[in-house]
file upload-v8.cif (mmCIF, C-alpha atoms)
data_my_file
#
loop_
_atom_site.group_PDB
_atom_site.id
_atom_site.type_symbol
_atom_site.label_atom_id
_atom_site.label_comp_id
_atom_site.auth_asym_id
_atom_site.auth_seq_id
_atom_site.Cartn_x
_atom_site.Cartn_y
_atom_site.Cartn_z
ATOM 1 C CA MET R 9 199.407 295.983 131.590
ATOM 2 C CA THR R 10 198.056 298.672 129.272
ATOM 3 C CA ALA R 11 194.318 299.229 129.599
ATOM 4 C CA SER R 12 192.301 297.966 126.648
ATOM 5 C CA ARG R 13 190.649 300.465 124.358
ATOM 6 C CA GLU R 14 187.210 299.517 125.646
ATOM 7 C CA SER R 15 188.151 300.022 129.316
ATOM 8 C CA VAL R 16 189.189 303.664 128.961
ATOM 9 C CA GLY R 17 186.165 305.957 129.175
ATOM 10 C CA GLU R 18 185.858 309.522 127.953
ATOM 11 C CA PHE R 19 186.697 311.206 131.254
ATOM 12 C CA GLU R 20 189.523 308.832 132.155
ATOM 13 C CA LEU R 21 190.978 309.459 128.691
ATOM 14 C CA ILE R 22 191.027 313.214 129.360
ATOM 15 C CA ARG R 23 192.551 312.776 132.811
ATOM 16 C CA ARG R 24 195.288 310.390 131.650
ATOM 17 C CA PHE R 25 196.436 312.052 128.451
ATOM 18 C CA PHE R 26 195.446 315.727 128.469
ATOM 19 C CA ASN R 27 195.008 317.059 132.027
ATOM 20 C CA ARG R 28 198.702 317.874 132.474
ATOM 21 C CA ARG R 29 198.976 320.166 135.489
ATOM 22 C CA PRO R 30 197.160 322.989 137.310
ATOM 23 C CA PRO R 31 196.728 325.917 134.890
ATOM 24 C CA VAL R 32 198.993 328.924 135.308
ATOM 25 C CA ALA R 33 197.644 331.409 132.767
ATOM 26 C CA LEU R 34 194.015 330.369 133.255
ATOM 27 C CA GLU R 35 191.543 331.093 136.026
ATOM 28 C CA LEU R 36 190.085 327.608 135.392
ATOM 29 C CA GLY R 37 191.257 324.861 133.040
ATOM 30 C CA ILE R 38 190.128 321.308 132.192
ATOM 31 C CA GLY R 39 187.303 319.792 134.227
ATOM 32 C CA ASP R 40 184.358 322.187 134.003
ATOM 33 C CA ASP R 41 181.729 323.188 131.435
ATOM 34 C CA ALA R 42 184.093 325.844 130.106
ATOM 35 C CA ALA R 43 187.610 327.120 130.690
ATOM 36 C CA LEU R 44 188.018 330.585 132.201
ATOM 37 C CA LEU R 45 190.689 332.824 130.647
ATOM 38 C CA ARG R 46 191.966 335.864 132.477
ATOM 39 C CA THR R 47 192.127 339.071 130.455
ATOM 40 C CA GLY R 48 195.391 341.021 130.390
ATOM 41 C CA ARG R 49 196.437 343.829 132.683
ATOM 42 C CA GLY R 50 195.726 347.295 131.415
ATOM 43 C CA SER R 51 192.834 346.052 129.308
ATOM 44 C CA THR R 52 189.386 347.565 129.549
ATOM 45 C CA LEU R 53 188.286 343.964 130.221
ATOM 46 C CA ASP R 54 190.229 343.631 133.503
ATOM 47 C CA SER R 55 187.071 342.868 135.476
ATOM 48 C CA ASP R 56 185.982 340.032 133.186
ATOM 49 C CA ALA R 57 187.019 336.476 132.452
ATOM 50 C CA LEU R 58 186.377 334.792 129.123
ATOM 51 C CA ALA R 59 184.558 331.456 129.241
ATOM 52 C CA VAL R 60 185.538 329.167 126.339
ATOM 53 C CA THR R 61 183.913 325.838 125.475
ATOM 54 C CA THR R 62 184.003 323.408 122.537
ATOM 55 C CA ASP R 63 181.554 320.689 121.480
ATOM 56 C CA MET R 64 181.643 318.369 118.483
ATOM 57 C CA LEU R 65 178.675 316.702 116.772
ATOM 58 C CA VAL R 66 179.365 313.736 114.483
ATOM 59 C CA ALA R 67 176.842 312.233 112.051
ATOM 60 C CA GLY R 68 175.841 308.747 113.109
ATOM 61 C CA ARG R 69 177.046 309.367 116.647
ATOM 62 C CA HIS R 70 175.264 312.500 117.841
ATOM 63 C CA PHE R 71 172.586 312.806 115.182
ATOM 64 C CA VAL R 72 171.044 310.774 112.378
ATOM 65 C CA ALA R 73 172.108 311.693 108.850
ATOM 66 C CA ASP R 74 168.601 312.736 107.740
ATOM 67 C CA VAL R 75 167.895 315.053 110.690
ATOM 68 C CA ASP R 76 166.329 318.388 109.780
ATOM 69 C CA PRO R 77 169.335 320.653 109.020
ATOM 70 C CA GLU R 78 167.673 323.717 110.565
ATOM 71 C CA SER R 79 167.258 321.831 113.853
ATOM 72 C CA LEU R 80 170.830 320.583 113.576
ATOM 73 C CA GLY R 81 172.151 324.129 113.145
ATOM 74 C CA HIS R 82 170.202 325.178 116.225
ATOM 75 C CA LYS R 83 171.408 322.259 118.352
ATOM 76 C CA ALA R 84 175.054 322.522 117.298
ATOM 77 C CA LEU R 85 175.192 326.022 118.767
ATOM 78 C CA ALA R 86 172.744 325.361 121.610
ATOM 79 C CA VAL R 87 174.867 322.667 123.253
ATOM 80 C CA ASN R 88 177.784 325.117 123.422
ATOM 81 C CA LEU R 89 175.652 327.963 124.741
ATOM 82 C CA SER R 90 174.349 325.572 127.388
ATOM 83 C CA ASP R 91 177.920 325.177 128.656
ATOM 84 C CA LEU R 92 178.237 328.960 128.891
ATOM 85 C CA ALA R 93 174.924 329.111 130.771
ATOM 86 C CA ALA R 94 176.272 326.616 133.306
ATOM 87 C CA MET R 95 179.181 328.988 133.977
ATOM 88 C CA GLY R 96 176.950 332.049 134.329
ATOM 89 C CA ALA R 97 178.600 333.515 131.210
ATOM 90 C CA ARG R 98 177.000 335.817 128.654
ATOM 91 C CA PRO R 99 177.606 334.594 125.056
ATOM 92 C CA GLU R 100 179.820 336.823 122.914
ATOM 93 C CA ALA R 101 181.049 334.898 119.843
ATOM 94 C CA PHE R 102 181.646 331.468 118.367
ATOM 95 C CA THR R 103 183.710 329.723 115.715
ATOM 96 C CA LEU R 104 182.537 326.936 113.409
ATOM 97 C CA ALA R 105 184.597 324.072 111.990
ATOM 98 C CA LEU R 106 182.614 322.042 109.481
ATOM 99 C CA ALA R 107 183.496 318.829 107.637
ATOM 100 C CA LEU R 108 181.170 318.090 104.702
ATOM 101 C CA PRO R 109 181.032 314.991 102.476
ATOM 102 C CA THR R 110 179.683 317.189 99.643
ATOM 103 C CA VAL R 111 178.556 320.792 99.183
ATOM 104 C CA ASP R 112 174.758 320.785 99.323
ATOM 105 C CA GLU R 113 173.758 324.446 99.063
ATOM 106 C CA SER R 114 170.151 323.905 100.140
ATOM 107 C CA TRP R 115 171.269 321.908 103.201
ATOM 108 C CA LEU R 116 173.838 324.554 104.145
ATOM 109 C CA GLU R 117 171.370 327.409 103.801
ATOM 110 C CA THR R 118 168.886 325.670 106.103
ATOM 111 C CA PHE R 119 171.581 324.625 108.602
ATOM 112 C CA ALA R 120 172.923 328.180 108.771
ATOM 113 C CA ARG R 121 169.440 329.592 109.284
ATOM 114 C CA GLY R 122 168.837 327.418 112.347
ATOM 115 C CA MET R 123 172.233 328.329 113.789
ATOM 116 C CA PHE R 124 171.978 332.079 113.214
ATOM 117 C CA VAL R 125 168.430 332.452 114.546
ATOM 118 C CA LEU R 126 169.672 331.149 117.898
ATOM 119 C CA ALA R 127 172.912 333.146 117.697
ATOM 120 C CA ASP R 128 171.031 336.388 117.038
ATOM 121 C CA ARG R 129 168.659 335.732 119.923
ATOM 122 C CA HIS R 130 171.612 335.641 122.318
ATOM 123 C CA GLY R 131 173.779 338.302 120.654
ATOM 124 C CA CYS R 132 176.456 335.753 119.759
ATOM 125 C CA GLU R 133 178.432 336.427 116.563
ATOM 126 C CA LEU R 134 180.237 334.004 114.259
ATOM 127 C CA ALA R 135 183.909 334.999 114.429
ATOM 128 C CA GLY R 136 185.462 332.508 111.978
ATOM 129 C CA GLY R 137 186.275 328.830 111.602
ATOM 130 C CA ASP R 138 187.241 326.242 109.011
ATOM 131 C CA THR R 139 185.702 323.947 106.403
ATOM 132 C CA THR R 140 186.974 320.723 104.844
ATOM 133 C CA ARG R 141 185.756 317.644 102.999
ATOM 134 C CA GLY R 142 185.041 314.627 105.175
ATOM 135 C CA PRO R 143 182.344 312.773 107.146
ATOM 136 C CA LEU R 144 179.712 315.250 108.339
ATOM 137 C CA THR R 145 181.121 316.754 111.540
ATOM 138 C CA ILE R 146 180.279 320.031 113.274
ATOM 139 C CA CYS R 147 182.620 321.542 115.851
ATOM 140 C CA ILE R 148 181.766 324.829 117.545
ATOM 141 C CA THR R 149 183.823 326.804 120.045
ATOM 142 C CA ALA R 150 181.768 329.355 121.978
ATOM 143 C CA ILE R 151 183.129 332.303 123.937
ATOM 144 C CA GLY R 152 181.312 334.107 126.736
ATOM 145 C CA ARG R 153 182.061 336.767 129.310
ATOM 146 C CA VAL R 154 181.638 336.657 133.091
ATOM 147 C CA PRO R 155 182.923 338.995 135.816
ATOM 148 C CA ALA R 156 186.110 337.662 137.395
ATOM 149 C CA GLY R 157 185.441 335.492 140.435
ATOM 150 C CA VAL R 158 181.700 335.277 139.735
ATOM 151 C CA ALA R 159 181.525 332.254 137.395
ATOM 152 C CA LEU R 160 179.508 329.227 138.450
ATOM 153 C CA ARG R 161 181.840 326.240 138.834
ATOM 154 C CA ARG R 162 181.577 322.538 139.519
ATOM 155 C CA ASP R 163 183.966 322.690 142.486
ATOM 156 C CA ARG R 164 181.987 325.021 144.771
ATOM 157 C CA ALA R 165 179.217 322.767 146.164
ATOM 158 C CA GLU R 166 179.078 322.517 149.969
ATOM 159 C CA PRO R 167 177.373 320.068 152.378
ATOM 160 C CA GLY R 168 173.921 321.354 153.237
ATOM 161 C CA ASP R 169 173.352 322.941 149.799
ATOM 162 C CA ASP R 170 170.037 322.347 148.093
ATOM 163 C CA LEU R 171 170.115 320.635 144.699
ATOM 164 C CA TRP R 172 167.984 322.277 142.004
ATOM 165 C CA VAL R 173 167.275 321.438 138.377
ATOM 166 C CA SER R 174 165.578 323.401 135.610
ATOM 167 C CA GLY R 175 162.897 322.116 133.251
ATOM 168 C CA GLU R 176 161.890 318.473 132.870
ATOM 169 C CA LEU R 177 164.067 315.455 132.234
ATOM 170 C CA GLY R 178 164.025 312.311 130.121
ATOM 171 C CA ALA R 179 162.087 313.224 126.972
ATOM 172 C CA ALA R 180 165.180 313.755 124.803
ATOM 173 C CA ALA R 181 166.613 310.372 125.803
ATOM 174 C CA TRP R 182 163.257 308.740 125.086
ATOM 175 C CA ALA R 183 163.109 310.395 121.660
ATOM 176 C CA THR R 184 166.628 309.132 120.903
ATOM 177 C CA ARG R 185 165.689 305.585 121.889
ATOM 178 C CA GLU R 186 162.495 305.586 119.833
ATOM 179 C CA ARG R 187 164.168 307.122 116.800
ATOM 180 C CA LEU R 188 166.971 304.529 116.847
ATOM 181 C CA ALA R 189 164.347 301.775 117.108
ATOM 182 C CA GLY R 190 162.590 303.076 113.989
ATOM 183 C CA ARG R 191 159.626 304.481 115.909
ATOM 184 C CA GLY R 192 160.517 308.151 115.492
ATOM 185 C CA ALA R 193 157.496 308.912 113.300
ATOM 186 C CA ALA R 194 155.170 308.134 116.207
ATOM 187 C CA LEU R 195 156.878 310.518 118.634
ATOM 188 C CA PRO R 196 155.008 313.603 119.836
ATOM 189 C CA GLY R 197 156.421 316.867 118.535
ATOM 190 C CA SER R 198 157.238 318.029 122.056
ATOM 191 C CA ALA R 199 159.612 315.091 122.612
ATOM 192 C CA LEU R 200 161.343 315.668 119.289
ATOM 193 C CA ALA R 201 161.725 319.365 120.125
ATOM 194 C CA ARG R 202 163.436 318.505 123.422
ATOM 195 C CA LEU R 203 165.939 316.369 121.511
ATOM 196 C CA ASP R 204 166.480 318.422 118.354
ATOM 197 C CA ARG R 205 166.000 321.977 119.638
ATOM 198 C CA PRO R 206 167.168 322.251 123.251
ATOM 199 C CA GLU R 207 166.995 325.735 124.731
ATOM 200 C CA PRO R 208 170.196 326.890 126.452
ATOM 201 C CA ARG R 209 169.279 328.395 129.839
ATOM 202 C CA ILE R 210 171.306 331.581 129.380
ATOM 203 C CA ALA R 211 168.973 333.883 131.335
ATOM 204 C CA LEU R 212 168.891 331.423 134.220
ATOM 205 C CA GLY R 213 172.663 331.071 134.296
ATOM 206 C CA LEU R 214 173.079 334.848 134.452
ATOM 207 C CA ALA R 215 170.480 335.149 137.216
ATOM 208 C CA LEU R 216 172.196 332.444 139.286
ATOM 209 C CA ARG R 217 175.583 334.187 139.421
ATOM 210 C CA HIS R 218 175.056 335.381 143.001
ATOM 211 C CA LEU R 219 172.552 332.738 144.116
ATOM 212 C CA ALA R 220 174.047 329.374 143.167
ATOM 213 C CA ARG R 221 177.328 327.897 144.372
ATOM 214 C CA ALA R 222 177.992 325.141 141.803
ATOM 215 C CA ALA R 223 176.382 324.323 138.456
ATOM 216 C CA ILE R 224 176.600 321.994 135.468
ATOM 217 C CA ASP R 225 174.547 321.504 132.315
ATOM 218 C CA LEU R 226 172.894 318.118 131.882
ATOM 219 C CA SER R 227 174.243 316.531 128.720
ATOM 220 C CA ASP R 228 175.107 312.987 129.837
ATOM 221 C CA GLY R 229 172.415 312.296 132.448
ATOM 222 C CA LEU R 230 171.425 313.724 135.832
ATOM 223 C CA VAL R 231 173.243 311.190 138.031
ATOM 224 C CA GLY R 232 176.405 311.111 135.937
ATOM 225 C CA ASP R 233 176.670 314.887 135.633
ATOM 226 C CA LEU R 234 175.908 315.368 139.329
ATOM 227 C CA GLY R 235 178.732 312.906 139.956
ATOM 228 C CA HIS R 236 181.126 315.344 138.248
ATOM 229 C CA VAL R 237 180.047 318.102 140.645
ATOM 230 C CA CYS R 238 180.513 315.773 143.616
ATOM 231 C CA GLU R 239 183.952 314.701 142.428
ATOM 232 C CA ARG R 240 185.166 318.244 141.817
ATOM 233 C CA SER R 241 183.676 319.577 145.071
ATOM 234 C CA ARG R 242 184.672 316.502 147.121
ATOM 235 C CA VAL R 243 181.176 315.993 148.466
ATOM 236 C CA GLY R 244 178.316 313.521 148.109
ATOM 237 C CA ALA R 245 174.721 314.029 147.023
ATOM 238 C CA GLN R 246 171.333 312.556 147.866
ATOM 239 C CA LEU R 247 168.569 312.756 145.256
ATOM 240 C CA ARG R 248 164.852 312.288 145.962
ATOM 241 C CA TRP R 249 163.397 310.375 143.011
ATOM 242 C CA ALA R 250 159.851 311.492 143.858
ATOM 243 C CA ASP R 251 160.890 315.135 143.378
ATOM 244 C CA VAL R 252 162.728 314.728 140.057
ATOM 245 C CA PRO R 253 160.729 316.579 137.337
ATOM 246 C CA VAL R 254 160.156 313.823 134.792
ATOM 247 C CA ALA R 255 158.925 314.967 131.371
ATOM 248 C CA GLU R 256 155.193 314.492 130.922
ATOM 249 C CA GLU R 257 155.839 312.606 127.669
ATOM 250 C CA LEU R 258 157.119 309.691 129.785
ATOM 251 C CA ALA R 259 153.998 309.396 131.968
ATOM 252 C CA ALA R 260 152.746 306.164 130.360
ATOM 253 C CA LEU R 261 156.079 304.319 130.610
ATOM 254 C CA PRO R 262 156.873 301.756 133.309
ATOM 255 C CA GLU R 263 158.583 303.138 136.397
ATOM 256 C CA ASP R 264 161.950 301.504 135.693
ATOM 257 C CA GLU R 265 162.060 303.085 132.227
ATOM 258 C CA ARG R 266 161.137 306.511 133.589
ATOM 259 C CA ILE R 267 163.913 306.194 136.174
ATOM 260 C CA ALA R 268 166.505 305.212 133.578
ATOM 261 C CA LEU R 269 165.531 307.940 131.109
ATOM 262 C CA ALA R 270 165.207 310.790 133.615
ATOM 263 C CA LEU R 271 168.241 309.949 135.746
ATOM 264 C CA ALA R 272 170.687 308.597 133.181
ATOM 265 C CA GLY R 273 169.303 309.321 129.721
ATOM 266 C CA GLY R 274 171.153 312.526 128.851
ATOM 267 C CA ASP R 275 170.649 315.188 126.160
ATOM 268 C CA ASP R 276 168.441 317.313 128.442
ATOM 269 C CA TYR R 277 170.633 320.463 128.422
ATOM 270 C CA GLU R 278 168.967 321.734 131.575
ATOM 271 C CA LEU R 279 170.928 323.314 134.437
ATOM 272 C CA LEU R 280 171.641 321.438 137.652
ATOM 273 C CA PHE R 281 172.883 323.674 140.451
ATOM 274 C CA THR R 282 173.465 323.849 144.191
ATOM 275 C CA ALA R 283 172.581 326.744 146.459
ATOM 276 C CA ALA R 284 172.390 327.572 150.142
ATOM 277 C CA PRO R 285 168.927 326.930 151.699
ATOM 278 C CA GLU R 286 168.544 330.625 152.547
ATOM 279 C CA ASN R 287 168.331 331.355 148.816
ATOM 280 C CA ARG R 288 165.214 329.237 148.232
ATOM 281 C CA ALA R 289 162.794 332.161 147.943
ATOM 282 C CA ALA R 290 165.062 334.103 145.598
ATOM 283 C CA ILE R 291 165.552 331.043 143.383
ATOM 284 C CA ALA R 292 161.820 330.303 143.316
ATOM 285 C CA ALA R 293 161.258 333.884 142.099
ATOM 286 C CA LEU R 294 163.375 333.108 139.017
ATOM 287 C CA VAL R 295 160.669 330.794 137.656
ATOM 288 C CA ALA R 296 158.678 333.759 136.356
ATOM 289 C CA ARG R 297 161.688 335.926 135.584
ATOM 290 C CA CYS R 298 163.449 333.270 133.460
ATOM 291 C CA ALA R 299 160.309 331.463 132.222
ATOM 292 C CA VAL R 300 161.528 328.023 133.284
ATOM 293 C CA ALA R 301 160.453 325.565 135.963
ATOM 294 C CA LEU R 302 162.894 325.084 138.854
ATOM 295 C CA THR R 303 162.648 322.081 141.186
ATOM 296 C CA ARG R 304 164.483 321.252 144.405
ATOM 297 C CA ILE R 305 165.433 317.584 144.117
ATOM 298 C CA GLY R 306 168.003 316.792 146.793
ATOM 299 C CA THR R 307 170.835 317.801 149.062
ATOM 300 C CA ILE R 308 174.613 317.953 149.027
ATOM 301 C CA VAL R 309 176.061 315.863 151.876
ATOM 302 C CA PRO R 310 179.516 315.059 153.271
ATOM 303 C CA GLY R 311 181.214 312.069 151.657
ATOM 304 C CA ALA R 312 181.313 311.021 148.023
ATOM 305 C CA GLY R 313 179.082 309.726 145.244
ATOM 306 C CA VAL R 314 175.395 310.081 144.404
ATOM 307 C CA THR R 315 172.571 308.228 146.163
ATOM 308 C CA VAL R 316 169.012 308.184 144.813
ATOM 309 C CA ARG R 317 166.161 307.340 147.203
ATOM 310 C CA ASP R 318 162.463 306.735 146.618
ATOM 311 C CA ALA R 319 159.598 308.212 148.632
ATOM 312 C CA ARG R 320 160.098 305.561 151.360
ATOM 313 C CA GLY R 321 163.809 306.233 151.666
ATOM 314 C CA ARG R 322 164.923 303.106 149.818
ATOM 315 C CA ALA R 323 167.863 303.260 147.410
ATOM 316 C CA VAL R 324 166.901 303.374 143.728
ATOM 317 C CA ALA R 325 169.055 301.087 141.583
ATOM 318 C CA LEU R 326 170.429 302.331 138.266
ATOM 319 C CA SER R 327 171.920 300.132 135.550
ATOM 320 C CA SER R 328 173.905 303.142 134.266
ATOM 321 C CA ALA R 329 174.894 306.510 135.723
ATOM 322 C CA GLY R 330 174.753 308.177 132.310
ATOM 323 C CA PHE R 331 176.207 308.345 128.817
ATOM 324 C CA GLU R 332 179.944 308.211 128.292
ATOM 325 C CA HIS R 333 181.831 307.935 125.005
ATOM 326 C CA PHE R 334 184.084 304.853 124.547
ATOM 327 C CA ARG R 335 182.046 302.779 127.036
#
call {"tool": "encode", "arguments": {"input": "upload-v8.cif", "output": "structure tokens"}}
result
Amino acid sequence: MTASRESVGEFELIRRFFNRRPPVALELGIGDDAALLRTGRGSTLDSDALAVTTDMLVAGRHFVADVDPESLGHKALAVNLSDLAAMGARPEAFTLALALPTVDESWLETFARGMFVLADRHGCELAGGDTTRGPLTICITAIGRVPAGVALRRDRAEPGDDLWVSGELGAAAWATRERLAGRGAALPGSALARLDRPEPRIALGLALRHLARAAIDLSDGLVGDLGHVCERSRVGAQLRWADVPVAEELAALPEDERIALALAGGDDYELLFTAAPENRAAIAALVARCAVALTRIGTIVPGAGVTVRDARGRAVALSSAGFEHFR
């Protein structure tokens, strides 16, 4: 029997219809934050791989139609640069495909400003793209550079590794929930900034090249994204809920809501990574160097799947592991 449309999730869809075979011309293909393309022999770029990633934002699905266009321009590029950060890649260029219902010059000027301010900060140039008429849709492909064999990958975690995460979690998911419920006007500016203007952790990703083993950016929720690392690395993970850095904006919420938002809410765009215990001091030193909090929240273990435990060692139940399209 053919699976119903509702039973096929985003990642199963990719596996069934598009993940054809192990890549031949690529260092790394489908299944990570970015693909890794080998550069040709005889090139001055022999020692580098190109990291390539694509993300699409659709009005009504990823953002509300009346969102500030400057923030939207920032976020559209930021979510792609976050993927490059998770690979330890330095941004080089990007392309932009844009579908517009109408040509609103004021909207476009503001959107472009938000996008280019972030691009200029990271030395990432617009290399081309496409425009067409249609429902508002933004699709960016970002290209970065990383020395061959150095990229952070989802399939390198090992039992005994520490689990680390940058920043704080849950505020973006809370802002999404409140905005959809019509309570967006009452949100603190800090929560809205976490949702609308995430900061890609480029400096951290570069600094982790020789310290971390595996990494992923948190777009769909901590537990769900950690599950991708576990699946690719063929390991399990144990998270300590008491150590998870929950955003201070969530402090007044009930515990079950804080758990759901911080562990499965998504849209954080922080980096989750694994590293050998002997690297703890070096990683802790990155807090000042990269101007971002880093927290050790668990351990990679033999086996499969993700377990979350409270301060007394009891399993923490989750109603969802994270966001997934088509489910």
call {"tool": "closest_atom_pairs", "arguments": {"input": "upload-v8.cif", "of": "stretch 110-157 of chain R", "to": "stretch 60-72 of chain R", "cutoff": "8 Å", "atoms": "all atoms listed in the file", "output": "Markdown table"}}
result
| residue | atom | partner | partner_atom | distance |
| --- | --- | --- | --- | --- |
| R:Pro143 | CA | R:Ala67 | CA | 7.4 |
| R:Leu144 | CA | R:Ala67 | CA | 5.6 |
| R:Thr145 | CA | R:Val66 | CA | 4.6 |
| R:Ile146 | CA | R:Leu65 | CA | 5.1 |
| R:Cys147 | CA | R:Met64 | CA | 4.2 |
| R:Ile148 | CA | R:Thr62 | CA | 5.7 |
| R:Thr149 | CA | R:Thr62 | CA | 4.2 |
| R:Ala150 | CA | R:Thr61 | CA | 5.4 |
| R:Ile151 | CA | R:Val60 | CA | 4.6 |
| R:Gly152 | CA | R:Val60 | CA | 6.5 |
call {"tool": "write_last_selection", "arguments": {"input": "upload-v8.cif", "atoms": "C-alpha atoms", "output": "JSON list (two decimals), in the frame of the given file"}}
result
[["chain", "number", "residue", "atom", "x", "y", "z"],
["R", 143, "PRO", "CA", 182.34, 312.77, 107.15],
["R", 144, "LEU", "CA", 179.71, 315.25, 108.34],
["R", 145, "THR", "CA", 181.12, 316.75, 111.54],
["R", 146, "ILE", "CA", 180.28, 320.03, 113.27],
["R", 147, "CYS", "CA", 182.62, 321.54, 115.85],
["R", 148, "ILE", "CA", 181.77, 324.83, 117.54],
["R", 149, "THR", "CA", 183.82, 326.80, 120.04],
["R", 150, "ALA", "CA", 181.77, 329.36, 121.98],
["R", 151, "ILE", "CA", 183.13, 332.30, 123.94],
["R", 152, "GLY", "CA", 181.31, 334.11, 126.74]]
call {"tool": "closest_residue", "arguments": {"input": "upload-v8.cif", "among": "R:Asp225, R:Val111, R:Ala159, R:Leu126", "to": "R:Thr140", "atoms": "all atoms listed in the file"}}
result
R:Val111
call {"tool": "closest_residue", "arguments": {"input": "upload-v8.cif", "among": "R:Pro167, R:Pro206, R:Gly192, R:Gly131", "to": "R:Leu279", "atoms": "all atoms listed in the file"}}
result
R:Pro206
call {"tool": "closest_residue", "arguments": {"input": "upload-v8.cif", "among": "R:Leu200, R:Ala84, R:Ala94, R:Leu247", "to": "R:Gly321", "atoms": "all atoms listed in the file"}}
result
R:Leu247
call {"tool": "atom_distance", "arguments": {"input": "upload-v8.cif", "atom1": "atom CA of R:Arg266", "atom2": "atom CA of R:Asp170"}}
result
23.2 Å
call {"tool": "resolve_selection", "arguments": {"input": "upload-v8.cif", "expression": "the PyMOL selection byres ((chain R and resi 305-313) around 10)", "output": "VMD selection string"}}
result
chain R and resid 165 to 173 231 to 232 234 to 239 241 to 253 280 282 to 285 302 to 304 314 to 317
call {"tool": "closest_residue", "arguments": {"input": "upload-v8.cif", "among": "R:Pro196, R:Gly178, R:Gly136, R:Pro208", "to": "R:Leu271", "atoms": "all atoms listed in the file"}}
result
R:Gly178
call {"tool": "closest_residue", "arguments": {"input": "upload-v8.cif", "among": "R:Gly229, R:Val254, R:Leu216, R:Leu58", "to": "R:Ala293", "atoms": "only C-alpha atoms"}}
result
R:Leu216
call {"tool": "resolve_selection", "arguments": {"input": "upload-v8.cif", "expression": "the PyMOL selection byres ((chain R and resi 156-158) around 12)", "output": "short mmCIF file (atom, residue, chain, number, x, y, z; two decimals) with C-alpha atoms, in the frame of the given file"}}
result
data_model
loop_
_atom_site.label_atom_id
_atom_site.label_comp_id
_atom_site.auth_asym_id
_atom_site.auth_seq_id
_atom_site.Cartn_x
_atom_site.Cartn_y
_atom_site.Cartn_z
CA LEU R 34 194.02 330.37 133.26
CA GLU R 35 191.54 331.09 136.03
CA LEU R 36 190.08 327.61 135.39
CA LEU R 44 188.02 330.58 132.20
CA LEU R 45 190.69 332.82 130.65
CA ARG R 46 191.97 335.86 132.48
CA THR R 47 192.13 339.07 130.46
CA LEU R 53 188.29 343.96 130.22
CA ASP R 54 190.23 343.63 133.50
CA SER R 55 187.07 342.87 135.48
CA ASP R 56 185.98 340.03 133.19
CA ALA R 57 187.02 336.48 132.45
CA LEU R 58 186.38 334.79 129.12
CA ALA R 59 184.56 331.46 129.24
CA MET R 95 179.18 328.99 133.98
CA GLY R 96 176.95 332.05 134.33
CA ALA R 97 178.60 333.52 131.21
CA ARG R 153 182.06 336.77 129.31
CA VAL R 154 181.64 336.66 133.09
CA PRO R 155 182.92 339.00 135.82
CA ALA R 159 181.52 332.25 137.40
CA LEU R 160 179.51 329.23 138.45
CA ARG R 161 181.84 326.24 138.83
CA ARG R 164 181.99 325.02 144.77
CA GLY R 213 172.66 331.07 134.30
CA LEU R 214 173.08 334.85 134.45
CA ALA R 215 170.48 335.15 137.22
CA LEU R 216 172.20 332.44 139.29
CA ARG R 217 175.58 334.19 139.42
CA HIS R 218 175.06 335.38 143.00
CA LEU R 219 172.55 332.74 144.12
CA ALA R 220 174.05 329.37 143.17
CA ARG R 221 177.33 327.90 144.37
CA ALA R 222 177.99 325.14 141.80
#
call {"tool": "closest_residue", "arguments": {"input": "upload-v8.cif", "among": "R:Arg297, R:Arg240, R:Thr139, R:Glu256", "to": "R:Ile224", "atoms": "only C-alpha atoms"}}
result
R:Arg240
call {"tool": "atom_distance", "arguments": {"input": "upload-v8.cif", "atom1": "atom CA of R:Ser90", "atom2": "atom CA of R:Glu278"}}
result
7.8 Å
call {"tool": "atom_distance", "arguments": {"input": "upload-v8.cif", "atom1": "atom CA of R:Leu230", "atom2": "atom CA of R:Asp264"}}
result
15.5 Å
call {"tool": "resolve_selection", "arguments": {"input": "upload-v8.cif", "expression": "the PyMOL selection byres ((chain R and resi 277) around 12)", "output": "VMD selection string"}}
result
chain R and resid 41 83 86 to 94 173 to 181 202 to 210 224 to 230 233 273 to 276 278 to 280
